[in-house]
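Student: So I've got this file, protein.txt, and it contains compact mmCIF, C-alpha atoms:
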# COMPACT_ATOMS: atom_id res chain seq x y z
CA MET A 1 0.00 0.00 0.00
CA SER A 2 1.36 3.43 -0.94
CA GLU A 3 1.83 6.15 1.64
CA GLU A 4 -0.98 8.13 0.01
CA GLU A 5 -3.38 5.16 0.26
CA ASN A 6 -2.33 4.58 3.87
CA MET A 7 -3.00 8.21 4.78
CA THR A 8 -6.38 8.08 3.03
CA GLY A 9 -7.30 4.95 4.99
CA ARG A 10 -6.36 6.61 8.28
CA ALA A 11 -8.30 9.73 7.36
CA THR A 12 -11.34 7.67 6.42
CA GLY A 13 -11.16 5.79 9.75
CA GLU A 14 -10.80 9.03 11.69
CA ASP A 15 -13.69 10.60 9.78
CA HIS A 16 -15.83 7.55 10.53
CA ARG A 17 -15.09 7.74 14.26
CA THR A 18 -15.87 11.45 14.19
CA GLU A 19 -19.19 10.74 12.47
CA LEU A 20 -20.09 8.10 15.07
CA ALA A 21 -19.21 10.46 17.91
CA ARG A 22 -21.33 13.19 16.33
CA LEU A 23 -24.25 10.78 15.96
CA LYS A 24 -23.99 9.75 19.60
CA ARG A 25 -23.90 13.40 20.61
CA HIS A 26 -27.12 13.92 18.66
CA VAL A 27 -28.71 11.08 20.66
CA VAL A 28 -27.54 12.74 23.89
CA GLU A 29 -29.16 16.00 22.80
CA MET A 30 -32.41 14.19 22.04
CA SER A 31 -32.25 12.51 25.45
CA ASP A 32 -31.72 15.84 27.23
CA PHE A 33 -34.77 17.20 25.40
CA ALA A 34 -36.92 14.16 26.28
CA VAL A 35 -35.82 14.10 29.92
CA GLN A 36 -36.77 17.75 30.30
CA MET A 37 -40.21 16.90 28.89
CA VAL A 38 -40.62 14.34 31.67
CA ALA A 39 -39.50 16.83 34.34
CA ASP A 40 -41.85 19.52 33.06
CA GLY A 41 -44.68 17.07 32.44
CA THR A 42 -44.48 15.88 36.04
CA ARG A 43 -44.37 19.42 37.37
CA ALA A 44 -47.28 20.49 35.16
CA LEU A 45 -49.35 17.61 36.48
CA LEU A 46 -48.55 18.04 40.15
CA GLU A 47 -48.76 21.84 40.17
CA SER A 48 -51.80 22.06 37.87
CA ASP A 49 -49.84 24.41 35.62
CA GLN A 50 -51.82 24.78 32.39
CA ALA A 51 -49.18 26.98 30.75
CA LEU A 52 -46.56 24.30 31.34
CA VAL A 53 -48.94 21.67 29.97
CA ALA A 54 -49.12 23.67 26.73
CA SER A 55 -45.33 24.10 26.69
CA VAL A 56 -44.72 20.35 26.96
CA ALA A 57 -47.35 19.59 24.32
CA ALA A 58 -45.64 22.01 21.92
CA ARG A 59 -42.42 19.98 22.12
CA ASP A 60 -43.96 16.90 20.52
CA ALA A 61 -43.04 17.97 16.96
CA PRO A 62 -39.40 18.87 17.79
CA LEU A 63 -39.04 15.51 19.56
CA ASP A 64 -40.27 13.75 16.45
CA LYS A 65 -37.77 15.70 14.34
CA PHE A 66 -34.92 14.48 16.55
CA ASP A 67 -36.03 10.89 15.93
CA VAL A 68 -36.36 11.33 12.16
CA ASP A 69 -33.00 13.12 11.84
CA ILE A 70 -31.15 10.49 13.87
CA GLU A 71 -32.70 7.68 11.86
CA ALA A 72 -31.72 9.37 8.58
CA GLU A 73 -28.15 10.00 9.75
CA THR A 74 -27.78 6.42 11.00
CA MET A 75 -29.03 4.97 7.72
CA ARG A 76 -26.66 7.27 5.80
CA LEU A 77 -23.67 6.07 7.82
CA MET A 78 -24.68 2.45 7.32
CA ALA A 79 -24.86 2.99 3.56
CA ILE A 80 -21.57 4.81 3.09
CA THR A 81 -19.37 2.97 5.62
CA GLN A 82 -20.75 -0.59 5.41
CA PRO A 83 -19.73 -1.16 9.05
CA GLU A 84 -18.90 -4.43 10.76
CA GLY A 85 -18.51 -5.58 14.36
CA PRO A 86 -18.81 -2.90 17.08
CA ASP A 87 -19.55 -0.11 14.60
CA LEU A 88 -22.43 -2.05 13.09
CA ARG A 89 -23.78 -2.86 16.56
CA THR A 90 -23.49 0.80 17.54
CA LEU A 91 -25.45 1.98 14.54
CA GLY A 92 -28.13 -0.66 15.03
CA ALA A 93 -28.35 0.19 18.73
CA THR A 94 -28.63 3.88 17.91
CA LEU A 95 -31.88 3.29 16.02
CA LYS A 96 -33.39 1.39 18.95
CA ILE A 97 -32.08 3.78 21.59
CA ALA A 98 -33.51 6.78 19.74
CA ASN A 99 -36.85 4.99 19.67
CA CYS A 100 -36.71 4.48 23.45
CA VAL A 101 -35.76 8.11 24.00
CA ASP A 102 -38.71 9.14 21.85
CA ARG A 103 -40.96 7.08 24.13
CA VAL A 104 -39.48 8.78 27.19
CA GLY A 105 -40.33 12.20 25.76
CA ARG A 106 -43.84 11.08 24.88
CA LEU A 107 -44.31 9.86 28.43
CA GLY A 108 -43.52 13.41 29.52
CA TYR A 109 -46.16 14.59 27.04
CA ASP A 110 -48.63 12.06 28.48
CA LEU A 111 -47.85 13.18 32.03
CA ALA A 112 -48.67 16.77 31.14
CA ARG A 113 -51.89 15.78 29.39
CA ASN A 114 -52.92 13.80 32.48
CA PHE A 115 -53.68 17.16 34.07
CA SER A 116 -56.73 16.98 36.36
CA THR A 117 -59.03 19.76 37.53
CA GLY A 118 -60.73 17.51 40.09
CA PRO A 119 -60.50 18.04 43.87
CA ALA A 120 -56.98 17.61 45.22
CA PRO A 121 -56.39 14.72 47.64
CA THR A 122 -56.65 15.59 51.33
CA ASP A 123 -53.25 13.97 51.87
CA GLN A 124 -50.72 14.73 49.15
CA SER A 125 -47.77 12.78 50.55
CA HIS A 126 -47.95 10.37 47.59
CA GLN A 127 -47.03 13.29 45.34
CA ASP A 128 -43.63 13.41 47.00
CA LEU A 129 -43.21 9.80 45.87
CA LEU A 130 -44.21 10.78 42.33
CA ARG A 131 -41.60 13.52 42.38
CA GLU A 132 -39.04 11.00 43.56
CA MET A 133 -40.04 8.61 40.78
CA ASP A 134 -39.58 11.47 38.33
CA ARG A 135 -36.09 12.31 39.60
CA HIS A 136 -35.03 8.69 39.71
CA GLY A 137 -36.38 7.81 36.25
CA ARG A 138 -34.67 10.79 34.67
CA ALA A 139 -31.39 9.88 36.37
CA MET A 140 -31.66 6.37 34.94
CA VAL A 141 -32.12 7.67 31.39
CA GLU A 142 -29.22 10.08 31.76
CA LYS A 143 -26.93 7.35 33.12
CA ALA A 144 -27.86 4.91 30.35
CA ILE A 145 -27.31 7.49 27.62
CA HIS A 146 -24.00 8.63 29.11
CA ALA A 147 -22.86 5.00 29.25
CA PHE A 148 -23.74 4.58 25.58
CA GLU A 149 -21.85 7.72 24.59
CA GLN A 150 -18.78 6.80 26.66
CA ASN A 151 -18.77 3.06 25.78
CA ASP A 152 -19.08 2.18 29.47
CA ALA A 153 -20.88 -1.16 29.76
CA GLU A 154 -20.37 -1.42 33.53
CA ALA A 155 -22.09 1.93 34.07
CA ALA A 156 -24.96 0.80 31.85
CA LYS A 157 -25.43 -2.32 34.00
CA GLN A 158 -25.91 -0.14 37.08
CA VAL A 159 -29.16 1.15 35.60
CA PHE A 160 -30.93 -2.14 36.31
CA ALA A 161 -30.41 -1.80 40.06
CA MET A 162 -31.80 1.73 39.95
CA ASP A 163 -34.97 0.33 38.40
CA ASP A 164 -35.61 -1.69 41.57
CA ASP A 165 -36.02 1.58 43.43
CA VAL A 166 -38.49 2.95 40.88
CA ASP A 167 -40.55 -0.24 41.11
CA ALA A 168 -40.60 0.04 44.92
CA LEU A 169 -41.75 3.66 44.71
CA TYR A 170 -44.47 2.67 42.25
CA LEU A 171 -45.84 0.13 44.73
CA ASP A 172 -45.69 2.71 47.54
CA VAL A 173 -47.71 5.19 45.48
CA GLN A 174 -50.38 2.58 44.76
CA LYS A 175 -50.70 1.64 48.43
CA ARG A 176 -50.99 5.24 49.60
CA LEU A 177 -53.61 6.06 46.98
CA ILE A 178 -55.72 3.06 47.94
CA VAL A 179 -55.62 4.09 51.61
CA LEU A 180 -56.68 7.60 50.61
CA LEU A 181 -59.54 6.30 48.49
CA GLU A 182 -60.80 4.03 51.26
CA GLY A 183 -60.67 6.92 53.72
CA GLY A 184 -62.64 9.25 51.47
CA GLY A 185 -59.70 11.57 50.86
CA LEU A 186 -59.56 10.93 47.13
CA THR A 187 -62.13 10.79 44.34
CA ALA A 188 -62.17 7.89 41.89
CA GLU A 189 -61.39 10.29 39.04
CA ARG A 190 -58.36 11.69 40.82
CA LEU A 191 -57.23 8.18 41.72
CA ALA A 192 -57.21 7.24 38.03
CA HIS A 193 -55.11 10.31 37.15
CA GLU A 194 -52.59 9.76 39.94
CA LEU A 195 -52.21 6.04 39.21
CA LEU A 196 -51.71 6.75 35.52
CA ALA A 197 -49.04 9.32 36.36
CA ALA A 198 -47.21 6.72 38.47
CA ARG A 199 -47.45 4.22 35.63
CA HIS A 200 -46.00 6.73 33.15
CA LEU A 201 -43.07 7.39 35.48
CA GLU A 202 -42.50 3.68 35.99
CA ARG A 203 -42.36 3.32 32.20
CA VAL A 204 -39.63 5.98 32.04
CA GLY A 205 -37.50 3.64 34.14
CA ASP A 206 -38.38 0.68 31.92
CA ASN A 207 -37.24 2.57 28.83
CA ALA A 208 -34.00 3.54 30.59
CA CYS A 209 -33.35 -0.17 31.16
CA LYS A 210 -33.95 -0.87 27.48
CA ILE A 211 -31.51 1.90 26.54
CA ALA A 212 -28.93 0.38 28.89
CA GLU A 213 -29.53 -3.06 27.38
CA LYS A 214 -28.92 -1.78 23.85
CA ALA A 215 -25.87 0.18 25.00
CA ILE A 216 -24.34 -2.94 26.51
CA TYR A 217 -24.95 -4.88 23.31
CA ALA A 218 -23.35 -2.13 21.22
CA ILE A 219 -20.27 -2.02 23.46
CA THR A 220 -19.69 -5.70 24.25
CA GLY A 221 -21.89 -7.73 21.92
CA GLU A 222 -23.53 -9.34 24.98
CA ARG A 223 -27.24 -10.06 24.97
CA ARG A 224 -29.30 -9.65 28.15
CA PRO A 225 -29.36 -13.40 29.08
CA GLU A 226 -25.55 -13.41 29.09
CA TYR A 227 -25.12 -10.89 31.91
CA PHE A 228 -28.48 -10.27 33.57
CA PRO A 229 -28.51 -13.45 35.72
CA GLN A 230 -25.38 -12.16 37.47
CA LEU A 231 -27.34 -9.03 38.39
CA ALA A 232 -30.36 -10.93 39.75
CA HIS A 233 -29.35 -10.46 43.41
CA ARG A 234 -28.27 -6.86 43.02
CA THR A 235 -28.84 -4.35 45.83
CA PRO A 236 -30.88 -1.20 45.06
CA THR A 237 -28.67 1.86 44.84
CA GLY A 238 -30.82 4.08 47.03
CA ARG A 239 -33.13 6.87 46.05
CA ILE A 240 -32.04 10.06 44.35
CA ALA A 241 -31.79 12.97 46.75
CA PRO A 242 -33.88 16.09 45.99
Let's see the structure in the file written out as structure tokens.

Tutor:
Amino acid sequence: MSEEENMTGRATGEDHRTELARLKRHVVEMSDFAVQMVADGTRALLESDQALVASVAARDAPLDKFDVDIEAETMRLMAITQPEGPDLRTLGATLKIANCVDRVGRLGYDLARNFSTGPAPTDQSHQDLLREMDRHGRAMVEKAIHAFEQNDAEAAKQVFAMDDDVDALYLDVQKRLIVLLEGGGLTAERLAHELLAARHLERVGDNACKIAEKAIYAITGERRPEYFPQLAHRTPTGRIAP
């Protein structure tokens, strides 16, 4: 191989790595956008903020554009680079991760639209749990996305333990709402809204786990059955502080 051909090969490889890094950065930007939708959707719901509801709803189209642009860029890279091995896994994972991030943002949209004008519960302590679910779910998404960007499979695996905490919070919310309903401190309509909000937040955590799963596959080539059994007796990490 001539020196000129060797330099061209190195340049092409460097350009390809730059393109992959740029694509991952685009996914991070989409994630930041989606996570903020969840934060604002939760706040709009719990504070009965109609202006914030409208703000979150208006972000649906920009979220969709992120998804379309990332898909187009990923397909372009697949076509021009014909990747193999880790690069191919990364591009395939990018498509699935972007889809999960899109779902996260839409859960924020759904949270905002779950706005209720019914009587507030007499005891609102469960709302503190909803806020904690919101913080914890968003932290999970951020950790999974950062792990994907940094090629850190061990960090991605930590997301699964964090999900245990979200699941525990979800059960706590359900129990408190049932007690409120039985005591007459909550209407059936409000119960439905609050339970749905908890379910949306629990789904944020589920999507974070899926992002982590795809990140691990991109980095190591491991499928979930190859590593998840070793995490079966994991200890929850503890709840995210306010």

Student: Scan for residues within 8 Å of the point (-41.8, 15.6, 35.3) in the coordinates of the file, using all atoms listed in the file, and reply as a list of chain:residue names.

Tutor: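 The residues near that point, listed by chain and number, are A:Gln36, A:Met37, A:Val38, A:Ala39, A:Asp40, A:Gly41, A:Thr42, A:Arg43, A:Ala44, A:Leu45, A:Gly108, A:Leu111, A:Arg131, A:Asp134, A:Arg135.
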
Student: Using all atoms listed in the file, which protein or nucleic acid residues come within 6 Å of range 23-33 of chain A? Drop anything in the same chain fewer than 2 positions from it, and give the result as a list of chain:residue names.

Tutor: A:Leu20, A:Ala21, A:Val35, A:Gln36, A:Val101, A:Glu149

Student: Record the distance separating CA of Arg176 in chain A and CA of Leu46 in chain A, expressed in Å with one decimal.

Tutor: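 Between CA of Arg176 in chain A and CA of Leu46 in chain A the gap is 16.1 Å.
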
Student: Just to confirm, what's the straight-line distance from CA of Asp60 in chain A to CA of Gly92 in chain A in Å (one decimal)?

Tutor: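 Result for CA of Asp60 in chain A versus CA of Gly92 in chain A: 24.3 Å, one decimal.
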
Student: With only C-alpha atoms as the atoms that count, which of A:Met133, A:Leu63, A:Ala72, A:Val53 lies nearest to Gly205 in chain A?

Tutor: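 Smallest separation from Gly205 in chain A among the options: A:Met133.
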
Student: What does the distance between CA of Tyr217 in chain A and CA of Arg17 in chain A come to in Å, to one decimal place?

Tutor: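 Taking CA of Tyr217 in chain A and CA of Arg17 in chain A, their separation equals 18.4 Å.
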
Student: With distances taken over only C-alpha atoms, which residue among A:Val56, A:Leu201, A:Cys209, A:Leu95 lies nearest Asp69 in chain A?

Tutor: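 Of A:Val56, A:Leu201, A:Cys209, A:Leu95, the one nearest Asp69 in chain A, counting only C-alpha atoms, is A:Leu95.
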
Student: From the options A:Gln124, A:Thr18, A:Thr90, A:Asn99, which residue's atoms come nearest to Glu71 in chain A, counting all atoms listed in the file?

Tutor: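 Closest to Glu71 in chain A of all the choices is A:Asn99.
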
Student: Check the smallest atom-to-atom distance from each of A:Ala79, A:Ile97, A:Leu191, A:Arg103 to Lys210 in chain A using only C-alpha atoms, then report the winner.

Tutor: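 Closest candidate: A:Ile97.
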
Student: Ranking A:Pro62, A:Gly221, A:Pro229, A:Gly184 by minimum distance to Ala93 in chain A and counting all atoms listed in the file, which one comes first?

Tutor: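 Using all atoms listed in the file, the shortest distance to Ala93 in chain A belongs to A:Gly221.
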
Student: Which residue, A:Ala198, A:Ala54, A:Ala212, A:Ala139, has the smallest gap to Asp152 in chain A when you use all atoms listed in the file?

Tutor: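 Closest candidate: A:Ala212.
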